[in-house]
Amino acid sequence: MSSDYHKNLIVKATTILFTLSLGYLGAGLAQLAHLPVPALLGSGILLAIIAFTRLPLSMPTLMRNIGFTILGCSMGSSITGEMLAKISQWPLSLLGLAVTVIVMMALSTWVLSQYFQQTKNTALLASTPGALSTVVALASEGKGDLGTVVVFQSLRLILVMASFPLIIHALGLQGSVHLDVTQQAPLAWHSVPALLLTAFASALMLEKIKLPAAYILSGLVLSGTAHVNGWLSGNLPSSLVTLGFVIIGCMVGTRLKGMQLSKLRTLFLAATISVILSSLIAALGATLMAIALDLPFGQVWIAYAPGGIEAMAALALALHYDPAYIAAHHLSRIVAITLLMPIASRLLIEQGKPL
């Protein structure tokens with residue numbers, strides 16, 4: 001029994017290291033191709049392709065959480081008092097986000113149900129940006145086709161993560177949040193494990209109260225608080241930040257592992273059109289809000305983008321946007337969807353109208 005356990009442990013560890021190696025290979029290829037955010041984009045694209053082969057791939061929850069913690073702490077090191085002074089702008093921006101999400105979900109649901117033969121309940125769940133656990137739970141309860149919803153949500157995340165950096169880079173919309181000399185300096189060697197372990201332990205407690213994206217947010221808040229108050233000075237080593245990006249890229253890419261290629265082919269066009277529509281609506285909302293609040297368009301667009309908080313927060317860090325602003329918007333959207341979707345579902349069912 002002990003021998004089998006150790007063999008399984010070795011196999012799992014080897015598979016994880018193999019997956020990470022492929023992620024670094026993808027990052028290197030993306031660097032050679034001069035793609036933006038190569039560690040994130042390259043690893044994600046290569047793993048998404050390899051996911052359709054028989055090669056063993058794995059990026060377990062523990063590794064994902066380590067990656068989220070690393071990036072959260074790195075994001076926090078870039079937060080300044082000047083960023084926090086702009087919090088007064090957030091309520092109006094969050095209102096704009098709410099309107100934008102409602103419009104993108106309504107239009108995407110209509111398109112998927114009218115032109116791609118999806119039932120309205122499946123189309124709605126497939127069109128919901130973020131809050132994947134809530135969406136999957138509702139689909140699992142019979143309020144939509146679970147397989148279709150999972151494929152749509154996976155394709156949405158990959159398409160958004162792959163396209164947004166390219167578009168923003170092509171349009172020259174990179175942010176202006178750059179680390180100053182003090183922030184660029186590496187953290188003291190003893191501070192790195194202390195910060196990461198504290199953030200990870202805090203996230204474990206936040207997970208118990210069901211806080212979404214606990215590991216990203218724990219690192220962001222703890223590191224940001226420590227840096228703004230002068231308790232810490234400097235950033236995580238660049239090699240560690242790169243590891244965080246590669247882990248997130250591998251996580252996104254391996255989501256396609258085990259999915260039927262025929263189903264992906266069938267739904268790819270529908271998912272692409274849904275993402276394009278949602279992204280255009282997000283761009284329109286971002287344009288209006290960027291003008292109204294004098295904020296960078298790219299920053300608001302990523303905050304309104306129909307992607308997951310972890311991937312969007314990673315893009316915020318890589319593209320030099322205000323990470324606190326973007327994380328707050330994606331967290332607010334997740335919380336709102338998590339609270340409102342089950343209520344809407346129950347009300348519609350009581351009225352005899354399945355979601």
# chains A, B, ... in the order shown; residues from 1 in each chain; ligands from 1
call {"tool": "residues_around", "arguments": {"residues": "region 63-78 of chain A", "least_positions_apart": "3", "cutoff": "6 Å", "atoms": "only C-alpha atoms", "output": "list in words"}}
result
Pro60, Tyr215, Ile216, Gly219, Leu220, Ser223, Gly224, His227, Asn235, Gly244, Ile247 and Leu317 of chain A
call {"tool": "closest_atom_pairs", "arguments": {"of": "region 235-307 of chain A", "to": "region 162-171 of chain A", "cutoff": "12 Å", "atoms": "only C-alpha atoms", "output": "CSV"}}
result
residue,atom,partner,partner_atom,distance
A:Gly249,CA,A:Ala162,CA,10.0
A:Val252,CA,A:Ala162,CA,10.3
A:Gly253,CA,A:Ala162,CA,10.5
A:Thr272,CA,A:Ser163,CA,10.9
A:Val275,CA,A:Ser163,CA,10.1
A:Ile276,CA,A:Ser163,CA,10.0
A:Ser279,CA,A:Phe164,CA,9.2
A:Leu280,CA,A:Phe164,CA,11.6
A:Ala282,CA,A:Phe164,CA,11.9
A:Ala283,CA,A:Phe164,CA,11.1
A:Pro296,CA,A:Ile168,CA,11.6
A:Phe297,CA,A:Ile168,CA,9.9
A:Gly298,CA,A:Ile168,CA,6.9
A:Gln299,CA,A:Ile168,CA,9.9
A:Val300,CA,A:Ile168,CA,12.0
A:Trp301,CA,A:Phe164,CA,9.3
A:Ile302,CA,A:Phe164,CA,7.9
A:Ala303,CA,A:Phe164,CA,11.6
A:Tyr304,CA,A:Phe164,CA,11.8
A:Ala305,CA,A:Phe164,CA,8.8
A:Pro306,CA,A:Phe164,CA,10.6
A:Gly307,CA,A:Phe164,CA,9.9
call {"tool": "write_last_selection", "arguments": {"atoms": "C-alpha atoms", "output": "PDB file, in the first residue's frame"}}
result
ATOM      1  CA  GLY A 249      -1.106  29.796 -18.266  1.00  0.00           C
ATOM      2  CA  VAL A 252      -5.971  27.803 -18.396  1.00  0.00           C
ATOM      3  CA  GLY A 253      -4.559  25.572 -21.130  1.00  0.00           C
ATOM      4  CA  THR A 272     -15.995  33.064 -30.503  1.00  0.00           C
ATOM      5  CA  VAL A 275     -16.718  36.533 -26.803  1.00  0.00           C
ATOM      6  CA  ILE A 276     -16.455  39.096 -29.610  1.00  0.00           C
ATOM      7  CA  SER A 279     -15.755  42.187 -25.617  1.00  0.00           C
ATOM      8  CA  LEU A 280     -17.193  44.869 -27.906  1.00  0.00           C
ATOM      9  CA  ALA A 282     -17.200  45.814 -22.658  1.00  0.00           C
ATOM     10  CA  ALA A 283     -15.137  48.114 -24.908  1.00  0.00           C
ATOM     11  CA  PRO A 296      -6.944  54.572 -19.143  1.00  0.00           C
ATOM     12  CA  PHE A 297      -9.246  52.815 -21.619  1.00  0.00           C
ATOM     13  CA  GLY A 298      -7.229  49.575 -21.526  1.00  0.00           C
ATOM     14  CA  GLN A 299      -7.468  49.413 -17.743  1.00  0.00           C
ATOM     15  CA  VAL A 300     -11.256  49.796 -17.724  1.00  0.00           C
ATOM     16  CA  TRP A 301     -11.609  47.366 -20.631  1.00  0.00           C
ATOM     17  CA  ILE A 302      -9.744  44.632 -18.760  1.00  0.00           C
ATOM     18  CA  ALA A 303     -11.848  45.395 -15.660  1.00  0.00           C
ATOM     19  CA  TYR A 304     -15.018  44.968 -17.749  1.00  0.00           C
ATOM     20  CA  ALA A 305     -13.703  42.030 -19.825  1.00  0.00           C
ATOM     21  CA  PRO A 306     -15.679  38.756 -19.818  1.00  0.00           C
ATOM     22  CA  GLY A 307     -12.759  36.782 -18.374  1.00  0.00           C
TER      23      GLY A 307
END
call {"tool": "atom_distance", "arguments": {"atom1": "CA of Ser154 (chain A)", "atom2": "CA of Met259 (chain A)"}}
result
10.1 Å
call {"tool": "residues_around", "arguments": {"residues": "Leu22 (chain A)", "least_positions_apart": "3", "cutoff": "10 Å", "atoms": "only C-alpha atoms", "output": "number ranges by chain"}}
result
A: 16-19, 25-28, 42-44, 46-47, 50, 57, 246, 250
call {"tool": "closest_residue", "arguments": {"among": "A:Pro36, A:Pro129, A:Gly23, A:Pro212", "to": "Ala48 (chain A)", "atoms": "only C-alpha atoms"}}
result
A:Gly23
call {"tool": "closest_residue", "arguments": {"among": "A:Thr100, A:Asn121, A:Ser113, A:Ser239", "to": "Gly285 (chain A)", "atoms": "only C-alpha atoms"}}
result
A:Thr100
call {"tool": "atom_distance", "arguments": {"atom1": "CA of Leu157 (chain A)", "atom2": "CA of Gly308 (chain A)"}}
result
6.5 Å
call {"tool": "closest_residue", "arguments": {"among": "A:Gln174, A:Ser238, A:Thr119, A:Thr198", "to": "Val149 (chain A)", "atoms": "only C-alpha atoms"}}
result
A:Thr119
call {"tool": "select_by_dssp", "arguments": {"residues": "region 87-323 of chain A", "states": "alpha helix (DSSP H)", "output": "number ranges by chain"}}
result
A: 90-115, 120-127, 132-138, 146-170, 181-184, 191-208, 214-228, 238-253, 261-293, 297-304, 309-318, 323
call {"tool": "residues_around", "arguments": {"residues": "Ala270 (chain A)", "least_positions_apart": "3", "cutoff": "12 Å", "atoms": "only C-alpha atoms", "output": "JSON, numbers by chain"}}
result
{"A": [108, 109, 110, 111, 112, 113, 114, 115, 116, 117, 118, 123, 126, 127, 148, 149, 151, 152, 153, 155, 156, 263, 264, 265, 266, 267, 273, 274, 275, 276, 277]}
call {"tool": "write_last_selection", "arguments": {"atoms": "N, CA and C atoms", "output": "short mmCIF file (atom, residue, chain, number, x, y, z; two decimals), in the first residue's frame"}}
result
data_model
loop_
_atom_site.label_atom_id
_atom_site.label_comp_id
_atom_site.auth_asym_id
_atom_site.auth_seq_id
_atom_site.Cartn_x
_atom_site.Cartn_y
_atom_site.Cartn_z
N SER A 108 -25.66 38.17 -25.67
CA SER A 108 -25.04 36.87 -25.94
C SER A 108 -26.05 35.73 -25.80
N THR A 109 -26.91 35.81 -24.78
CA THR A 109 -27.94 34.79 -24.59
C THR A 109 -28.88 34.75 -25.79
N TRP A 110 -29.26 35.91 -26.28
CA TRP A 110 -30.17 35.98 -27.42
C TRP A 110 -29.52 35.38 -28.67
N VAL A 111 -28.27 35.73 -28.93
CA VAL A 111 -27.57 35.23 -30.11
C VAL A 111 -27.42 33.71 -30.04
N LEU A 112 -26.99 33.18 -28.89
CA LEU A 112 -26.77 31.74 -28.76
C LEU A 112 -28.07 30.95 -28.89
N SER A 113 -29.15 31.51 -28.37
CA SER A 113 -30.43 30.79 -28.44
C SER A 113 -31.09 30.92 -29.81
N GLN A 114 -30.90 32.06 -30.47
CA GLN A 114 -31.55 32.30 -31.75
C GLN A 114 -30.81 31.67 -32.93
N TYR A 115 -29.49 31.68 -32.88
CA TYR A 115 -28.70 31.29 -34.05
C TYR A 115 -27.86 30.03 -33.87
N PHE A 116 -27.74 29.55 -32.63
CA PHE A 116 -26.88 28.38 -32.40
C PHE A 116 -27.61 27.25 -31.67
N GLN A 117 -28.93 27.27 -31.72
CA GLN A 117 -29.76 26.18 -31.22
C GLN A 117 -29.50 25.81 -29.76
N GLN A 118 -29.12 26.78 -28.95
CA GLN A 118 -28.97 26.54 -27.53
C GLN A 118 -30.26 26.93 -26.82
N ALA A 123 -27.90 28.93 -22.78
CA ALA A 123 -27.30 30.13 -23.37
C ALA A 123 -26.99 31.17 -22.30
N ALA A 126 -24.01 29.94 -20.28
CA ALA A 126 -22.81 30.02 -21.12
C ALA A 126 -22.36 31.45 -21.31
N SER A 127 -23.27 32.40 -21.20
CA SER A 127 -22.96 33.82 -21.43
C SER A 127 -22.55 34.56 -20.16
N THR A 148 -22.02 21.58 -22.29
CA THR A 148 -21.97 22.75 -23.16
C THR A 148 -21.51 23.98 -22.40
N VAL A 149 -22.04 24.16 -21.19
CA VAL A 149 -21.68 25.32 -20.38
C VAL A 149 -20.19 25.31 -20.04
N VAL A 151 -17.72 23.82 -21.67
CA VAL A 151 -16.94 24.08 -22.87
C VAL A 151 -16.97 25.57 -23.23
N PHE A 152 -18.15 26.16 -23.18
CA PHE A 152 -18.28 27.59 -23.47
C PHE A 152 -17.42 28.43 -22.53
N GLN A 153 -17.51 28.14 -21.24
CA GLN A 153 -16.78 28.93 -20.26
C GLN A 153 -15.26 28.76 -20.42
N LEU A 155 -13.65 27.93 -23.26
CA LEU A 155 -13.26 28.63 -24.49
C LEU A 155 -13.27 30.14 -24.28
N ARG A 156 -14.24 30.63 -23.53
CA ARG A 156 -14.31 32.08 -23.25
C ARG A 156 -13.04 32.54 -22.55
N LYS A 263 -17.02 18.25 -29.94
CA LYS A 263 -17.88 19.23 -29.28
C LYS A 263 -17.24 20.61 -29.31
N LEU A 264 -15.93 20.66 -29.14
CA LEU A 264 -15.23 21.94 -29.21
C LEU A 264 -15.38 22.56 -30.60
N ARG A 265 -15.26 21.73 -31.63
CA ARG A 265 -15.41 22.24 -32.99
C ARG A 265 -16.82 22.79 -33.21
N THR A 266 -17.80 22.06 -32.68
CA THR A 266 -19.19 22.47 -32.85
C THR A 266 -19.47 23.81 -32.17
N LEU A 267 -18.87 24.01 -30.98
CA LEU A 267 -19.19 25.20 -30.18
C LEU A 267 -18.21 26.34 -30.37
N ILE A 273 -18.05 34.07 -31.33
CA ILE A 273 -18.97 35.18 -31.57
C ILE A 273 -19.45 35.77 -30.25
N SER A 274 -19.74 34.91 -29.27
CA SER A 274 -20.17 35.38 -27.96
C SER A 274 -19.09 36.24 -27.30
N VAL A 275 -17.83 35.78 -27.39
CA VAL A 275 -16.72 36.53 -26.80
C VAL A 275 -16.52 37.86 -27.52
N ILE A 276 -16.62 37.86 -28.85
CA ILE A 276 -16.45 39.10 -29.61
C ILE A 276 -17.54 40.11 -29.23
N LEU A 277 -18.79 39.65 -29.17
CA LEU A 277 -19.89 40.54 -28.80
C LEU A 277 -19.70 41.09 -27.38
#
call {"tool": "residues_around", "arguments": {"residues": "Ser218 (chain A)", "least_positions_apart": "4", "cutoff": "7 Å", "atoms": "only C-alpha atoms", "output": "PyMOL selection string"}}
result
chain A and resi 72+199+202-203+214+222
call {"tool": "residues_around", "arguments": {"residues": "Lys86 (chain A)", "least_positions_apart": "3", "cutoff": "12 Å", "atoms": "only C-alpha atoms", "output": "list in words"}}
result
Ile79, Thr80, Gly81, Glu82, Met83, Gln89, Trp90, Pro91, Leu92, Ser93, Leu293, Asp294, Leu295, Asp322, Ala324 and Tyr325 of chain A
call {"tool": "atom_distance", "arguments": {"atom1": "CA of Phe52 (chain A)", "atom2": "CA of Leu256 (chain A)"}}
result
7.4 Å
call {"tool": "decode", "arguments": {"residues": "region 96-191 of chain A", "atoms": "C-alpha atoms", "output": "mmCIF file, in the first residue's frame"}}
result
data_model
loop_
_atom_site.group_PDB
_atom_site.id
_atom_site.type_symbol
_atom_site.label_atom_id
_atom_site.label_comp_id
_atom_site.auth_asym_id
_atom_site.auth_seq_id
_atom_site.Cartn_x
_atom_site.Cartn_y
_atom_site.Cartn_z
ATOM 1 C CA GLY A 96 -21.021 51.073 -15.411
ATOM 2 C CA LEU A 97 -19.763 47.507 -14.991
ATOM 3 C CA ALA A 98 -23.193 46.336 -13.818
ATOM 4 C CA VAL A 99 -24.932 47.849 -16.846
ATOM 5 C CA THR A 100 -22.295 46.459 -19.193
ATOM 6 C CA VAL A 101 -22.567 42.918 -17.782
ATOM 7 C CA ILE A 102 -26.367 42.937 -18.068
ATOM 8 C CA VAL A 103 -26.213 44.059 -21.689
ATOM 9 C CA MET A 104 -23.479 41.579 -22.684
ATOM 10 C CA MET A 105 -25.289 38.666 -21.025
ATOM 11 C CA ALA A 106 -28.635 39.587 -22.605
ATOM 12 C CA LEU A 107 -27.218 39.981 -26.118
ATOM 13 C CA SER A 108 -25.041 36.869 -25.941
ATOM 14 C CA THR A 109 -27.938 34.788 -24.586
ATOM 15 C CA TRP A 110 -30.171 35.984 -27.420
ATOM 16 C CA VAL A 111 -27.572 35.226 -30.111
ATOM 17 C CA LEU A 112 -26.770 31.739 -28.765
ATOM 18 C CA SER A 113 -30.428 30.792 -28.442
ATOM 19 C CA GLN A 114 -31.554 32.295 -31.747
ATOM 20 C CA TYR A 115 -28.703 31.293 -34.052
ATOM 21 C CA PHE A 116 -26.883 28.382 -32.403
ATOM 22 C CA GLN A 117 -29.755 26.178 -31.220
ATOM 23 C CA GLN A 118 -28.969 26.541 -27.527
ATOM 24 C CA THR A 119 -31.804 26.547 -25.017
ATOM 25 C CA LYS A 120 -32.259 29.867 -23.248
ATOM 26 C CA ASN A 121 -31.144 28.481 -19.895
ATOM 27 C CA THR A 122 -27.960 26.962 -21.354
ATOM 28 C CA ALA A 123 -27.304 30.132 -23.365
ATOM 29 C CA LEU A 124 -27.649 32.302 -20.264
ATOM 30 C CA LEU A 125 -25.258 30.187 -18.207
ATOM 31 C CA ALA A 126 -22.811 30.019 -21.116
ATOM 32 C CA SER A 127 -22.955 33.819 -21.426
ATOM 33 C CA THR A 128 -22.290 34.518 -17.758
ATOM 34 C CA PRO A 129 -18.819 36.070 -17.326
ATOM 35 C CA GLY A 130 -16.892 34.773 -14.326
ATOM 36 C CA ALA A 131 -18.431 33.039 -11.272
ATOM 37 C CA LEU A 132 -17.656 29.669 -12.868
ATOM 38 C CA SER A 133 -18.440 27.632 -9.734
ATOM 39 C CA THR A 134 -21.937 29.149 -9.472
ATOM 40 C CA VAL A 135 -22.611 28.666 -13.178
ATOM 41 C CA VAL A 136 -21.454 25.038 -13.115
ATOM 42 C CA ALA A 137 -23.488 24.362 -9.969
ATOM 43 C CA LEU A 138 -26.657 25.676 -11.611
ATOM 44 C CA ALA A 139 -25.969 23.653 -14.756
ATOM 45 C CA SER A 140 -25.355 20.551 -12.623
ATOM 46 C CA GLU A 141 -28.801 21.013 -11.073
ATOM 47 C CA GLY A 142 -30.364 20.590 -14.505
ATOM 48 C CA LYS A 143 -30.778 24.289 -15.317
ATOM 49 C CA GLY A 144 -28.670 23.950 -18.450
ATOM 50 C CA ASP A 145 -26.522 21.497 -20.387
ATOM 51 C CA LEU A 146 -23.475 21.045 -18.135
ATOM 52 C CA GLY A 147 -21.084 19.870 -20.867
ATOM 53 C CA THR A 148 -21.965 22.751 -23.160
ATOM 54 C CA VAL A 149 -21.679 25.323 -20.381
ATOM 55 C CA VAL A 150 -18.239 24.050 -19.287
ATOM 56 C CA VAL A 151 -16.940 24.084 -22.874
ATOM 57 C CA PHE A 152 -18.282 27.591 -23.474
ATOM 58 C CA GLN A 153 -16.776 28.934 -20.256
ATOM 59 C CA SER A 154 -13.403 27.289 -20.938
ATOM 60 C CA LEU A 155 -13.264 28.632 -24.491
ATOM 61 C CA ARG A 156 -14.312 32.075 -23.246
ATOM 62 C CA LEU A 157 -11.442 32.214 -20.763
ATOM 63 C CA ILE A 158 -8.847 31.029 -23.283
ATOM 64 C CA LEU A 159 -10.061 33.344 -26.063
ATOM 65 C CA VAL A 160 -10.116 36.400 -23.790
ATOM 66 C CA MET A 161 -6.724 35.619 -22.273
ATOM 67 C CA ALA A 162 -5.170 35.044 -25.696
ATOM 68 C CA SER A 163 -6.732 37.995 -27.527
ATOM 69 C CA PHE A 164 -6.698 40.875 -25.054
ATOM 70 C CA PRO A 165 -2.898 41.145 -24.669
ATOM 71 C CA LEU A 166 -2.463 41.025 -28.453
ATOM 72 C CA ILE A 167 -5.089 43.710 -29.062
ATOM 73 C CA ILE A 168 -3.838 45.979 -26.298
ATOM 74 C CA HIS A 169 -0.233 45.568 -27.466
ATOM 75 C CA ALA A 170 -1.177 46.199 -31.113
ATOM 76 C CA LEU A 171 -3.069 49.374 -30.187
ATOM 77 C CA GLY A 172 -0.309 50.592 -27.868
ATOM 78 C CA LEU A 173 -2.648 50.688 -24.889
ATOM 79 C CA GLN A 174 -0.251 49.366 -22.254
ATOM 80 C CA GLY A 175 -0.687 50.953 -18.854
ATOM 81 C CA SER A 176 1.534 53.505 -17.179
ATOM 82 C CA VAL A 177 1.832 51.852 -13.776
ATOM 83 C CA HIS A 178 5.539 51.091 -13.597
ATOM 84 C CA LEU A 179 7.478 50.195 -10.482
ATOM 85 C CA ASP A 180 9.768 52.892 -9.183
ATOM 86 C CA VAL A 181 13.370 52.160 -8.252
ATOM 87 C CA THR A 182 12.432 51.071 -4.742
ATOM 88 C CA GLN A 183 9.641 48.805 -5.951
ATOM 89 C CA GLN A 184 11.838 47.254 -8.642
ATOM 90 C CA ALA A 185 14.454 46.210 -6.104
ATOM 91 C CA PRO A 186 14.039 42.637 -4.895
ATOM 92 C CA LEU A 187 12.476 42.025 -1.516
ATOM 93 C CA ALA A 188 14.834 41.030 1.271
ATOM 94 C CA TRP A 189 15.398 37.273 1.015
ATOM 95 C CA HIS A 190 13.744 36.544 4.361
ATOM 96 C CA SER A 191 10.671 38.642 3.466
#
